[in-house]
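Asks: To be precise about what I am sending: the file is called protein_1.txt and holds compact mmCIF, C-alpha atoms.
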```txt
# COMPACT_ATOMS: atom_id res chain seq x y z
CA MET A 1 -6.36 -8.79 19.13
CA THR A 2 -5.82 -7.19 22.53
CA PRO A 3 -8.63 -4.68 23.17
CA PHE A 4 -7.88 -0.98 22.86
CA THR A 5 -9.72 2.31 22.69
CA LEU A 6 -9.94 3.99 19.30
CA ALA A 7 -9.80 7.78 19.13
CA ARG A 8 -10.86 9.49 15.91
CA PRO A 9 -9.74 13.11 16.33
CA ALA A 10 -10.67 15.75 13.75
CA SER A 11 -7.57 17.93 14.16
CA LEU A 12 -3.84 17.52 14.58
CA GLU A 13 -4.01 19.16 17.98
CA ALA A 14 -6.72 16.76 19.15
CA ALA A 15 -4.67 13.84 17.84
CA ARG A 16 -1.66 14.95 19.87
CA ARG A 17 -3.83 15.23 22.97
CA ALA A 18 -5.39 11.81 22.38
CA PHE A 19 -1.96 10.19 22.26
CA SER A 20 -1.18 9.29 25.85
CA GLY A 21 0.26 6.32 27.65
CA ASP A 22 0.70 3.18 25.59
CA ALA A 23 -0.60 4.54 22.31
CA ALA A 24 -0.03 4.34 18.56
CA PHE A 25 -1.21 6.30 15.54
CA LEU A 26 -3.33 4.50 12.94
CA ALA A 27 -2.89 5.64 9.33
CA GLY A 28 -3.83 3.06 6.68
CA GLY A 29 -3.38 0.27 9.20
CA HIS A 30 -2.02 -2.27 6.75
CA THR A 31 1.06 -2.96 8.84
CA LEU A 32 -0.15 -2.02 12.29
CA ILE A 33 -3.43 -3.98 12.28
CA PRO A 34 -1.79 -7.23 11.06
CA ALA A 35 0.92 -6.75 13.71
CA MET A 36 -1.73 -6.28 16.39
CA LYS A 37 -3.73 -9.27 15.17
CA SER A 38 -0.71 -11.51 15.41
CA GLY A 39 0.11 -10.26 18.90
CA LEU A 40 3.34 -8.54 17.89
CA ARG A 41 1.94 -5.23 19.04
CA ALA A 42 -0.60 -4.23 21.69
CA VAL A 43 -1.66 -0.72 22.72
CA ASP A 44 -4.20 0.84 25.08
CA THR A 45 -5.07 3.65 22.69
CA LEU A 46 -5.12 3.80 18.92
CA VAL A 47 -5.38 7.27 17.41
CA ASP A 48 -6.94 7.16 13.93
CA LEU A 49 -5.60 9.99 11.74
CA THR A 50 -8.04 9.60 8.84
CA ARG A 51 -10.46 12.31 9.96
CA ILE A 52 -7.89 15.10 10.15
CA PRO A 53 -8.56 17.32 7.14
CA GLY A 54 -5.82 18.22 4.67
CA LEU A 55 -3.33 15.48 5.50
CA ASP A 56 -3.88 13.72 2.18
CA SER A 57 -3.19 16.64 -0.15
CA ILE A 58 -0.64 16.36 -2.97
CA ARG A 59 0.77 19.56 -4.44
CA ARG A 60 3.78 21.11 -6.11
CA ASP A 61 5.49 24.12 -4.60
CA GLY A 62 8.39 25.39 -6.76
CA ASP A 63 11.11 22.74 -6.79
CA ARG A 64 9.31 20.63 -4.19
CA LEU A 65 6.62 17.96 -4.48
CA ILE A 66 4.68 17.89 -1.23
CA VAL A 67 2.78 14.70 -0.46
CA GLY A 68 0.52 14.69 2.59
CA ALA A 69 1.23 11.95 5.11
CA MET A 70 -2.22 10.39 4.69
CA ALA A 71 -2.01 10.23 0.88
CA ARG A 72 -2.84 6.64 -0.06
CA HIS A 73 -0.48 4.71 -2.33
CA ALA A 74 -3.26 4.53 -4.95
CA ALA A 75 -3.67 8.32 -4.85
CA VAL A 76 0.07 8.93 -5.34
CA ALA A 77 0.12 6.37 -8.16
CA ALA A 78 -2.77 8.11 -9.95
CA SER A 79 -1.84 11.74 -9.22
CA PRO A 80 -1.17 13.93 -12.28
CA VAL A 81 0.82 16.25 -10.00
CA VAL A 82 3.16 13.41 -9.01
CA ALA A 83 3.35 12.19 -12.62
CA GLY A 84 4.32 15.69 -13.73
CA ALA A 85 6.95 16.26 -11.05
CA ILE A 86 8.50 12.85 -10.33
CA PRO A 87 6.93 10.18 -12.55
CA GLY A 88 9.14 7.45 -11.09
CA LEU A 89 7.58 8.10 -7.69
CA ALA A 90 4.09 7.44 -9.10
CA ARG A 91 5.39 4.16 -10.55
CA LEU A 92 6.93 3.22 -7.20
CA ALA A 93 3.58 3.81 -5.45
CA ALA A 94 1.81 1.68 -8.07
CA GLY A 95 4.09 -1.24 -7.21
CA ILE A 96 3.48 -1.37 -3.47
CA GLY A 97 1.52 -4.40 -2.22
CA ASP A 98 -1.66 -5.09 -4.22
CA PRO A 99 -4.62 -2.89 -5.26
CA GLN A 100 -6.52 -3.39 -1.99
CA VAL A 101 -3.43 -2.54 0.06
CA ARG A 102 -2.73 0.53 -2.09
CA ARG A 103 -6.23 1.85 -1.41
CA ARG A 104 -5.50 1.93 2.33
CA GLY A 105 -1.74 2.23 2.88
CA THR A 106 -0.28 5.73 3.28
CA ILE A 107 3.14 7.27 2.73
CA GLY A 108 3.26 8.59 6.29
CA GLY A 109 2.49 5.18 7.71
CA SER A 110 5.11 3.55 5.53
CA ILE A 111 7.97 5.81 6.50
CA ALA A 112 6.98 5.97 10.18
CA ASN A 113 7.14 2.17 10.23
CA ASN A 114 10.46 2.10 8.30
CA ASP A 115 10.25 -1.56 7.36
CA PRO A 116 13.67 -2.65 6.07
CA ALA A 117 12.07 -3.85 2.82
CA ALA A 118 9.52 -1.05 2.25
CA ASP A 119 9.65 0.96 -0.97
CA TYR A 120 8.98 4.53 0.13
CA PRO A 121 11.99 4.92 2.46
CA ALA A 122 14.33 4.41 -0.53
CA ALA A 123 12.58 7.17 -2.49
CA VAL A 124 12.47 9.54 0.49
CA LEU A 125 16.19 9.07 1.07
CA ALA A 126 17.26 9.23 -2.59
CA LEU A 127 15.11 12.31 -3.23
CA ASP A 128 16.69 14.20 -0.32
CA ALA A 129 13.24 14.74 1.16
CA VAL A 130 12.25 16.72 4.22
CA ILE A 131 9.74 15.09 6.55
CA GLU A 132 7.30 17.60 8.05
CA THR A 133 5.81 16.68 11.41
CA SER A 134 3.62 18.13 14.12
CA GLU A 135 6.82 19.18 15.90
CA GLY A 136 9.01 20.46 13.06
CA THR A 137 10.99 18.89 10.25
CA HIS A 138 13.53 16.11 9.74
CA ALA A 139 15.96 15.70 6.86
CA ALA A 140 15.64 12.24 5.30
CA ASP A 141 19.33 11.63 6.03
CA ASP A 142 18.59 11.94 9.77
CA PHE A 143 15.12 10.40 9.77
CA PHE A 144 15.77 6.70 9.12
CA GLN A 145 17.68 5.28 12.06
CA GLY A 146 17.78 1.53 11.55
CA MET A 147 15.30 -1.33 11.40
CA PHE A 148 11.79 0.00 12.26
CA ALA A 149 13.48 3.01 13.91
CA THR A 150 13.06 6.68 13.00
CA ALA A 151 13.77 10.11 14.43
CA LEU A 152 10.10 10.47 15.43
CA ALA A 153 9.52 11.14 19.12
CA ASP A 154 6.59 9.55 20.97
CA GLY A 155 3.42 11.32 19.90
CA GLU A 156 5.04 13.10 16.94
CA ILE A 157 2.85 12.97 13.82
CA ILE A 158 4.16 13.08 10.24
CA THR A 159 2.11 15.61 8.30
CA ALA A 160 3.81 15.62 4.87
CA VAL A 161 6.85 14.62 2.87
CA GLN A 162 8.53 17.32 0.80
CA PHE A 163 10.39 15.69 -2.08
CA ARG A 164 13.08 17.64 -3.89
CA ILE A 165 12.19 17.44 -7.58
CA PRO A 166 15.24 15.97 -9.34
CA GLU A 167 16.33 16.10 -12.96
CA ALA A 168 15.48 12.41 -13.11
CA PHE A 169 14.44 9.65 -10.73
CA ALA A 170 13.99 5.91 -11.07
CA TYR A 171 13.28 3.03 -8.74
CA ALA A 172 14.03 -0.57 -9.67
CA LYS A 173 12.79 -3.34 -7.45
CA PHE A 174 13.13 -7.10 -7.44
CA ARG A 175 10.02 -7.95 -5.53
CA HIS A 176 9.19 -10.95 -3.47
CA PRO A 177 6.52 -12.70 -5.55
CA ALA A 178 4.14 -13.25 -2.63
CA SER A 179 4.55 -10.24 -0.34
CA ARG A 180 5.53 -7.68 -3.03
CA TYR A 181 8.12 -6.34 -0.62
CA ALA A 182 11.55 -5.60 -2.06
CA LEU A 183 14.16 -8.34 -1.98
CA ALA A 184 16.28 -5.54 -3.38
CA GLY A 185 15.07 -2.07 -4.32
CA VAL A 186 17.31 0.72 -5.57
CA ALA A 187 16.20 4.35 -5.91
CA VAL A 188 18.39 6.66 -7.98
CA ALA A 189 17.92 10.44 -8.21
CA ARG A 190 19.92 12.76 -10.44
CA PHE A 191 20.35 16.30 -9.09
CA PRO A 192 22.47 19.12 -10.57
CA GLU A 193 25.19 18.52 -7.98
CA GLY A 194 25.26 14.73 -8.27
CA VAL A 195 23.42 11.42 -7.98
CA ARG A 196 21.88 10.01 -4.81
CA VAL A 197 21.33 6.27 -4.44
CA ALA A 198 19.26 4.60 -1.71
CA VAL A 199 18.77 0.88 -1.21
CA THR A 200 15.95 -1.00 0.52
CA GLY A 201 15.29 -4.68 1.23
CA VAL A 202 18.97 -5.54 1.27
CA ALA A 203 20.28 -4.59 4.71
CA TYR A 204 18.79 -4.14 8.17
CA ALA A 205 17.46 -0.77 7.10
CA VAL A 206 17.39 1.58 4.12
CA PHE A 207 20.81 3.10 3.37
CA ARG A 208 22.63 5.36 0.93
CA TRP A 209 25.04 3.51 -1.32
CA THR A 210 27.83 6.08 -1.29
CA GLU A 211 30.22 4.19 -3.59
CA ALA A 212 27.51 3.99 -6.25
CA GLU A 213 26.73 7.70 -5.76
CA ALA A 214 30.37 8.63 -6.35
CA ALA A 215 30.63 6.46 -9.44
CA LEU A 216 27.39 7.71 -11.02
CA SER A 217 28.00 11.33 -10.08
CA ALA A 218 31.26 11.18 -12.03
CA ASP A 219 29.76 9.27 -14.97
CA LEU A 220 26.24 7.87 -15.41
CA ALA A 221 27.70 5.14 -17.60
CA ALA A 222 30.39 4.24 -15.08
CA SER A 223 31.20 0.63 -14.29
CA LEU A 224 29.34 -0.07 -11.08
CA PRO A 225 30.88 -0.95 -7.73
CA ALA A 226 30.01 -4.20 -5.97
CA LEU A 227 27.96 -3.77 -2.79
CA GLU A 228 30.06 -4.55 0.24
CA ARG A 229 28.53 -4.29 3.69
CA ASP A 230 28.52 -6.47 6.77
CA ASP A 231 24.79 -6.07 7.52
CA ILE A 232 23.25 -7.60 4.38
CA ASN A 233 20.20 -9.74 5.11
CA SER A 234 20.41 -13.47 4.62
CA ASP A 235 17.19 -15.46 5.00
CA ILE A 236 15.08 -18.18 3.38
CA HIS A 237 14.26 -15.84 0.50
CA ALA A 238 17.77 -14.83 -0.50
CA SER A 239 21.33 -15.21 0.77
CA ALA A 240 23.45 -12.14 1.48
CA ASP A 241 25.54 -12.73 -1.65
CA TYR A 242 22.43 -13.04 -3.80
CA ARG A 243 20.90 -9.87 -2.34
CA ALA A 244 24.13 -7.94 -2.92
CA HIS A 245 24.14 -9.15 -6.52
CA LEU A 246 20.46 -8.18 -6.97
CA ALA A 247 21.22 -4.70 -5.61
CA GLY A 248 23.81 -4.30 -8.39
CA VAL A 249 21.34 -5.47 -11.03
CA MET A 250 18.65 -3.09 -9.74
CA LEU A 251 21.17 -0.22 -9.65
CA ASP A 252 22.05 -0.88 -13.27
CA ARG A 253 18.37 -0.92 -14.29
CA ALA A 254 17.61 2.29 -12.40
CA ARG A 255 20.62 4.20 -13.71
CA LYS A 256 19.66 3.39 -17.29
CA GLU A 257 16.37 5.21 -16.67
CA ILE A 258 18.00 8.42 -15.47
CA GLN A 259 20.26 9.09 -18.45
CA PRO A 260 19.84 12.64 -19.81
CA MET B 1 -23.11 3.23 9.05
CA LYS B 2 -24.89 1.61 6.14
CA VAL B 3 -24.46 -2.02 5.16
CA ASN B 4 -25.97 -3.09 1.85
CA GLY B 5 -28.23 -0.07 1.94
CA THR B 6 -29.55 -0.63 5.48
CA GLU B 7 -28.66 1.59 8.43
CA ARG B 8 -26.80 -0.38 11.09
CA ALA B 9 -25.53 0.68 14.47
CA ALA B 10 -21.88 -0.30 14.65
CA ASP B 11 -22.36 -1.60 18.15
CA ALA B 12 -18.99 -3.30 18.54
CA PRO B 13 -15.84 -2.93 20.61
CA ASP B 14 -13.18 -0.67 19.11
CA HIS B 15 -10.88 -3.57 18.27
CA ARG B 16 -13.54 -5.48 16.31
CA LEU B 17 -12.52 -6.18 12.72
CA LEU B 18 -14.99 -5.31 9.99
CA VAL B 19 -14.98 -8.86 8.62
CA ASP B 20 -15.78 -10.43 12.01
CA TRP B 21 -18.55 -7.96 12.64
CA LEU B 22 -20.11 -8.56 9.22
CA ARG B 23 -19.99 -12.32 9.58
CA GLU B 24 -20.64 -12.90 13.26
CA ASP B 25 -22.82 -9.97 14.30
CA LEU B 26 -24.75 -9.36 11.07
CA GLY B 27 -24.65 -12.94 9.78
CA LEU B 28 -23.34 -11.82 6.39
CA THR B 29 -21.19 -14.89 5.89
CA GLY B 30 -20.74 -14.39 2.15
CA THR B 31 -17.61 -12.42 2.98
CA HIS B 32 -14.99 -15.06 3.71
CA VAL B 33 -12.04 -15.21 6.06
CA GLY B 34 -9.09 -16.80 4.34
CA CYS B 35 -5.60 -15.93 5.47
CA THR B 36 -6.49 -13.14 7.96
CA THR B 37 -3.10 -11.64 7.13
CA SER B 38 -4.18 -9.15 4.43
CA GLN B 39 -2.97 -11.28 1.55
CA CYS B 40 -5.67 -13.51 0.05
CA GLY B 41 -8.52 -11.10 -0.70
CA ALA B 42 -11.34 -13.50 0.26
CA CYS B 43 -12.64 -10.82 2.65
CA ASN B 44 -12.82 -8.04 0.06
CA VAL B 45 -15.76 -5.70 0.57
CA MET B 46 -16.59 -2.22 -0.65
CA VAL B 47 -16.21 0.65 1.80
CA ASP B 48 -17.42 3.97 0.38
CA GLY B 49 -17.08 2.57 -3.12
CA GLU B 50 -13.53 1.26 -2.66
CA VAL B 51 -12.72 -2.44 -2.49
CA VAL B 52 -10.62 -3.17 0.60
CA LYS B 53 -9.69 -6.15 2.77
CA ALA B 54 -12.22 -6.35 5.61
CA CYS B 55 -9.80 -8.36 7.76
CA THR B 56 -7.56 -5.32 8.02
CA VAL B 57 -10.15 -2.63 8.70
CA LEU B 58 -11.75 -1.81 12.06
CA VAL B 59 -15.54 -1.49 12.20
CA ALA B 60 -15.02 1.61 14.30
CA SER B 61 -13.08 3.18 11.43
CA CYS B 62 -16.14 2.69 9.21
CA ALA B 63 -18.54 4.81 11.25
CA ASP B 64 -20.59 6.92 8.79
CA SER B 65 -19.33 4.80 5.89
CA GLU B 66 -21.28 2.76 3.40
CA VAL B 67 -20.28 -0.90 3.20
CA VAL B 68 -21.35 -3.28 0.42
CA THR B 69 -20.77 -7.03 0.73
CA ILE B 70 -21.37 -9.79 -1.79
CA GLU B 71 -24.94 -10.09 -0.42
CA GLY B 72 -25.56 -6.48 -1.40
CA LEU B 73 -24.59 -6.80 -5.05
CA GLY B 74 -27.51 -8.74 -6.43
CA THR B 75 -30.13 -11.37 -5.65
CA PRO B 76 -30.28 -15.01 -6.81
CA GLU B 77 -32.98 -13.93 -9.26
CA ALA B 78 -31.17 -10.82 -10.42
CA LEU B 79 -27.44 -11.27 -10.15
CA HIS B 80 -25.03 -8.38 -10.49
CA PRO B 81 -23.48 -8.51 -14.01
CA MET B 82 -20.11 -9.49 -12.51
CA GLN B 83 -21.73 -12.32 -10.53
CA ALA B 84 -23.56 -13.48 -13.66
CA ALA B 85 -20.29 -13.43 -15.62
CA PHE B 86 -18.59 -15.60 -12.99
CA ARG B 87 -21.40 -18.10 -13.36
CA ALA B 88 -21.44 -17.98 -17.17
CA ALA B 89 -17.65 -18.27 -17.51
CA HIS B 90 -17.40 -20.80 -14.68
CA GLY B 91 -14.99 -18.50 -12.88
CA LEU B 92 -14.92 -20.62 -9.75
CA GLN B 93 -14.41 -24.10 -8.48
CA CYS B 94 -14.75 -24.47 -4.71
CA GLY B 95 -16.12 -20.94 -4.41
CA PHE B 96 -14.17 -19.88 -1.35
CA CYS B 97 -12.31 -16.99 -3.00
CA THR B 98 -15.26 -16.05 -5.23
CA PRO B 99 -16.88 -13.25 -3.17
CA GLY B 100 -13.53 -11.47 -2.98
CA MET B 101 -12.84 -12.14 -6.66
CA VAL B 102 -16.21 -10.67 -7.68
CA MET B 103 -15.48 -7.57 -5.60
CA ALA B 104 -12.01 -7.26 -7.13
CA GLY B 105 -13.52 -7.73 -10.58
CA ILE B 106 -15.92 -4.86 -10.01
CA ALA B 107 -13.05 -2.64 -8.87
CA ILE B 108 -11.07 -3.61 -11.98
CA ALA B 109 -14.03 -2.77 -14.23
CA HIS B 110 -14.41 0.63 -12.59
CA ALA B 111 -10.68 1.37 -12.78
CA HIS B 112 -9.97 0.11 -16.29
CA GLY B 113 -13.26 0.15 -18.18
CA PRO B 114 -15.09 -2.43 -20.32
CA ASP B 115 -12.16 -3.31 -22.60
CA VAL B 116 -9.67 -4.09 -19.86
CA PRO B 117 -6.82 -6.21 -21.29
CA GLU B 118 -6.16 -9.66 -19.88
CA ALA B 119 -2.68 -8.68 -18.63
CA THR B 120 -4.15 -5.78 -16.67
CA ILE B 121 -6.68 -8.10 -15.02
CA ARG B 122 -3.98 -10.59 -14.05
CA HIS B 123 -1.81 -7.84 -12.59
CA ALA B 124 -4.75 -6.29 -10.72
CA LEU B 125 -5.62 -9.67 -9.17
CA GLU B 126 -2.31 -9.87 -7.33
CA GLY B 127 -4.13 -9.35 -4.02
CA ASN B 128 -6.55 -12.24 -4.59
CA LEU B 129 -5.59 -15.87 -4.20
CA CYS B 130 -7.41 -18.83 -5.76
CA ARG B 131 -6.11 -22.32 -5.07
CA CYS B 132 -8.38 -24.22 -7.47
CA THR B 133 -8.84 -22.71 -10.86
CA GLY B 134 -5.49 -21.51 -12.13
CA TYR B 135 -7.21 -18.14 -12.67
CA GLN B 136 -7.99 -18.74 -16.36
CA ASN B 137 -11.77 -18.63 -16.01
CA ILE B 138 -11.64 -15.94 -13.33
CA VAL B 139 -9.85 -13.67 -15.79
CA ALA B 140 -12.35 -14.57 -18.52
CA ALA B 141 -15.24 -13.86 -16.12
CA ILE B 142 -13.90 -10.44 -15.23
CA ARG B 143 -13.49 -9.54 -18.93
CA GLN B 144 -17.09 -10.58 -19.56
CA GLY B 145 -18.31 -8.92 -16.40
CA ALA B 146 -16.63 -5.62 -17.21
CA ARG B 147 -18.34 -5.53 -20.61
CA ALA B 148 -21.67 -6.51 -19.06
CA MET B 149 -21.35 -3.78 -16.41
CA ALA B 150 -20.76 -1.21 -19.15
CA GLU B 151 -23.79 -2.47 -21.09
CA ALA B 152 -25.88 -2.22 -17.91
CA GLY B 153 -24.74 1.39 -17.49
CA LEU B 154 -22.83 0.64 -14.29
CA LEU B 155 -19.49 2.08 -15.42
CA GLY B 156 -18.61 5.73 -15.59
CA GLU B 157 -15.60 6.99 -17.50
CA PRO B 158 -12.53 4.88 -16.66
CA ALA B 159 -10.15 6.58 -14.22
```
Would you kindly transcribe this structure into structure tokens?
Replies:
Amino acid sequence: MTPFTLARPASLEAARRAFSGDAAFLAGGHTLIPAMKSGLRAVDTLVDLTRIPGLDSIRRDGDRLIVGAMARHAAVAASPVVAGAIPGLARLAAGIGDPQVRRRGTIGGSIANNDPAADYPAAVLALDAVIETSEGTHAADDFFQGMFATALADGEIITAVQFRIPEAFAYAKFRHPASRYALAGVAVARFPEGVRVAVTGVAYAVFRWTEAEAALSADLAASLPALERDDINSDIHASADYRAHLAGVMLDRARKEIQP
Amino acid sequence: MKVNGTERAADAPDHRLLVDWLREDLGLTGTHVGCTTSQCGACNVMVDGEVVKACTVLVASCADSEVVTIEGLGTPEALHPMQAAFRAAHGLQCGFCTPGMVMAGIAIAHAHGPDVPEATIRHALEGNLCRCTGYQNIVAAIRQGARAMAEAGLLGEPA
């Protein structure tokens, strides 16, 4: 690993000041540290966010579930607040990686990284979330901007994710048996005005499946559209046709869980 | 920071990984380096009571923390109940994954209690790879070890 200096600030303000030059924020580190070890990433300064108080809180505020950016996957999975507000989100968190990974990985780190096969981006997008940062807020629809790309500016720190509490939410994932990443993951949220559907693992980045949203908003038992896009991943794990088919199967599983 | 109950100065560069520091600087080679890509679990150690992969944690992030490695669990004369269960159930073959498996087993016992079902153990071992045993005796060892930990008063209420 290329040497760097580690800063461990105790406040958000100090973290913003510590971020200068070629720097990165360290949350749970379970993507960033492997990337640095393999030489895919090198920085001069790493700013560890774990000492900033309050960033890992989980609470409900009216029709919102607010999950602090540094909440570990294991904490979200075990949280009675999450289970009471959006139980499908707790189940999603319980299916990320393995137990050791879930004890370190954070929701803020996951969505800041925006891996095309990560689980949380699908939930954040389907649940019409608002991402709170040190600089302001981003709507989920504007936040994810392609493979490993987000609306975050250099030095901007995610502080929390505000999920809109839906009438029902489900996430169905066909996971890669070794990595536990999604070969296809479909998140479905039912709101009073309609259904939102977000897909991960299938294309170059998480996306909303608008044809599926239209079909399910009209009728939750509708016959489902086939997924047609020109950016579906094709690799040694699954061809594009197979992934598109899996997305349909996952959509069908998820929609069965959100029936009234 | 504390390692196995002893105060240690984490005198290491910021980019030093916990597992390298434990093995190379402290000579605690019971913690193994398998894949170094956060998958195999051979490097599992306890940091502040939580079992994590030491190949994916910086020593500098553990300042003020309490780390327990396989050497800190028991002694050859007085094994930790989970270690004793691995021996009794023959939950190992080559032994390379064993330190990480014992750590994972302890975490499973704490999370799920003394009567943890076999399916739960298998699911909870998804971050630990063994290439010899086929897992059968590892799972049996963890069931035995969880009960033995409860009998020894090492388990609180399951989470």
Asks: Go ahead and find all residues with at least one atom no further than 12 Å from (-23.1, 1.5, 15.7) in the file's coordinates, using all atoms listed in the file; report them as a ChimeraX atom specification.
Replies: /B:1-3,7-14,16,21,25-26,59-65
Asks: Which chain A residues have any atom within 12 Å of an atom of chain B, and for each, what is the nearest pair of atoms with distance in Å to one decimal, counting only C-alpha atoms, rows sorted by chain and number, as a tab-separated table?
Replies:
```
residue	atom	partner	partner_atom	distance
A:Met1	CA	B:His15	CA	7.0
A:Thr2	CA	B:His15	CA	7.5
A:Pro3	CA	B:His15	CA	5.5
A:Phe4	CA	B:His15	CA	6.1
A:Thr5	CA	B:Asp14	CA	5.8
A:Leu6	CA	B:Asp14	CA	5.7
A:Ala7	CA	B:Asp14	CA	9.1
A:Arg8	CA	B:Ser61	CA	8.1
A:Pro9	CA	B:Ser61	CA	11.6
A:Leu26	CA	B:Ser61	CA	10.0
A:Ala27	CA	B:Ser61	CA	10.7
A:Gly28	CA	B:Val57	CA	8.7
A:Gly29	CA	B:Thr56	CA	7.1
A:His30	CA	B:Thr56	CA	6.5
A:Thr31	CA	B:Thr56	CA	9.0
A:Leu32	CA	B:Thr56	CA	9.2
A:Ile33	CA	B:Thr56	CA	6.1
A:Pro34	CA	B:Thr37	CA	6.1
A:Ala35	CA	B:Thr37	CA	9.1
A:Met36	CA	B:His15	CA	9.7
A:Lys37	CA	B:Thr37	CA	8.4
A:Ser38	CA	B:Thr37	CA	8.6
A:Ala42	CA	B:His15	CA	10.9
A:Val43	CA	B:His15	CA	10.6
A:Asp44	CA	B:His15	CA	10.5
A:Thr45	CA	B:Asp14	CA	9.9
A:Leu46	CA	B:Asp14	CA	9.2
A:Val47	CA	B:Ser61	CA	10.6
A:Asp48	CA	B:Ser61	CA	7.7
A:Leu49	CA	B:Ser61	CA	10.1
A:Thr50	CA	B:Ser61	CA	8.6
A:Arg51	CA	B:Ser61	CA	9.6
A:Ala74	CA	B:Glu50	CA	11.0
A:Ala75	CA	B:Ala159	CA	11.5
A:Ala77	CA	B:Ala159	CA	11.9
A:Ala78	CA	B:Ala159	CA	8.7
A:Ser79	CA	B:Ala159	CA	11.0
A:Pro80	CA	B:Ala159	CA	11.8
A:Ala94	CA	B:Ala124	CA	10.7
A:Gly95	CA	B:His123	CA	10.4
A:Ile96	CA	B:Glu126	CA	11.0
A:Gly97	CA	B:Gly127	CA	7.7
A:Asp98	CA	B:Gly127	CA	4.9
A:Pro99	CA	B:Ala124	CA	6.4
A:Gln100	CA	B:Val52	CA	4.9
A:Val101	CA	B:Val52	CA	7.2
A:Arg102	CA	B:Val52	CA	9.1
A:Arg103	CA	B:Val52	CA	7.0
A:Arg104	CA	B:Val52	CA	7.4
A:Gly105	CA	B:Val52	CA	10.6
A:Pro177	CA	B:Glu126	CA	9.4
A:Ala178	CA	B:Gln39	CA	8.5
A:Ser179	CA	B:Gln39	CA	7.8
A:Arg180	CA	B:Glu126	CA	9.2
```
Asks: Any chance you could export the current selection's C-alpha atoms as a compact mmCIF listing (two decimals), in the coordinates of the input?
Replies:
```txt
# COMPACT_ATOMS: atom_id res chain seq x y z
CA MET A 1 -6.36 -8.79 19.13
CA THR A 2 -5.82 -7.19 22.53
CA PRO A 3 -8.63 -4.68 23.17
CA PHE A 4 -7.88 -0.98 22.86
CA THR A 5 -9.72 2.31 22.69
CA LEU A 6 -9.94 3.99 19.30
CA ALA A 7 -9.80 7.78 19.13
CA ARG A 8 -10.86 9.49 15.91
CA PRO A 9 -9.74 13.11 16.33
CA LEU A 26 -3.33 4.50 12.94
CA ALA A 27 -2.89 5.64 9.33
CA GLY A 28 -3.83 3.06 6.68
CA GLY A 29 -3.38 0.27 9.20
CA HIS A 30 -2.02 -2.27 6.75
CA THR A 31 1.06 -2.96 8.84
CA LEU A 32 -0.15 -2.02 12.29
CA ILE A 33 -3.43 -3.98 12.28
CA PRO A 34 -1.79 -7.23 11.06
CA ALA A 35 0.92 -6.75 13.71
CA MET A 36 -1.73 -6.28 16.39
CA LYS A 37 -3.73 -9.27 15.17
CA SER A 38 -0.71 -11.51 15.41
CA ALA A 42 -0.60 -4.23 21.69
CA VAL A 43 -1.66 -0.72 22.72
CA ASP A 44 -4.20 0.84 25.08
CA THR A 45 -5.07 3.65 22.69
CA LEU A 46 -5.12 3.80 18.92
CA VAL A 47 -5.38 7.27 17.41
CA ASP A 48 -6.94 7.16 13.93
CA LEU A 49 -5.60 9.99 11.74
CA THR A 50 -8.04 9.60 8.84
CA ARG A 51 -10.46 12.31 9.96
CA ALA A 74 -3.26 4.53 -4.95
CA ALA A 75 -3.67 8.32 -4.85
CA ALA A 77 0.12 6.37 -8.16
CA ALA A 78 -2.77 8.11 -9.95
CA SER A 79 -1.84 11.74 -9.22
CA PRO A 80 -1.17 13.93 -12.28
CA ALA A 94 1.81 1.68 -8.07
CA GLY A 95 4.09 -1.24 -7.21
CA ILE A 96 3.48 -1.37 -3.47
CA GLY A 97 1.52 -4.40 -2.22
CA ASP A 98 -1.66 -5.09 -4.22
CA PRO A 99 -4.62 -2.89 -5.26
CA GLN A 100 -6.52 -3.39 -1.99
CA VAL A 101 -3.43 -2.54 0.06
CA ARG A 102 -2.73 0.53 -2.09
CA ARG A 103 -6.23 1.85 -1.41
CA ARG A 104 -5.50 1.93 2.33
CA GLY A 105 -1.74 2.23 2.88
CA PRO A 177 6.52 -12.70 -5.55
CA ALA A 178 4.14 -13.25 -2.63
CA SER A 179 4.55 -10.24 -0.34
CA ARG A 180 5.53 -7.68 -3.03
```
Asks: Determine, counting only C-alpha atoms, which protein, DNA and RNA residues have an atom within 7 Å of an atom of region 140-145 of chain B; residues of the same chain fewer than 6 positions away are not included. Present the result as a list in words.
Replies: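 Surrounding residues, per the criterion: Pro81, Met82, Ala85, Phe86, Ala89, Gly91, Gly105 and Val116 of chain B.
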Asks: Keeping only C-alpha atoms, write those residues as a PDB file, in the frame of the given file.
Replies:
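Listing of part.pdb after writing:
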```pdb
ATOM      1  CA  PRO B  81     -23.480  -8.510 -14.010  1.00  0.00           C
ATOM      2  CA  MET B  82     -20.110  -9.490 -12.510  1.00  0.00           C
ATOM      3  CA  ALA B  85     -20.290 -13.430 -15.620  1.00  0.00           C
ATOM      4  CA  PHE B  86     -18.590 -15.600 -12.990  1.00  0.00           C
ATOM      5  CA  ALA B  89     -17.650 -18.270 -17.510  1.00  0.00           C
ATOM      6  CA  GLY B  91     -14.990 -18.500 -12.880  1.00  0.00           C
ATOM      7  CA  GLY B 105     -13.520  -7.730 -10.580  1.00  0.00           C
ATOM      8  CA  VAL B 116      -9.670  -4.090 -19.860  1.00  0.00           C
TER       9      VAL B 116
END
```
Asks: Quick one, how far is CA of Thr106 (chain A) from CA of Met70 (chain A)?
Replies: 5.2 Å
Asks: Using Å and a single decimal, report how far CA of Ala69 (chain A) sits from CA of Glu132 (chain A).
Replies: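 Distance reported for this atom pair: 8.8 Å.
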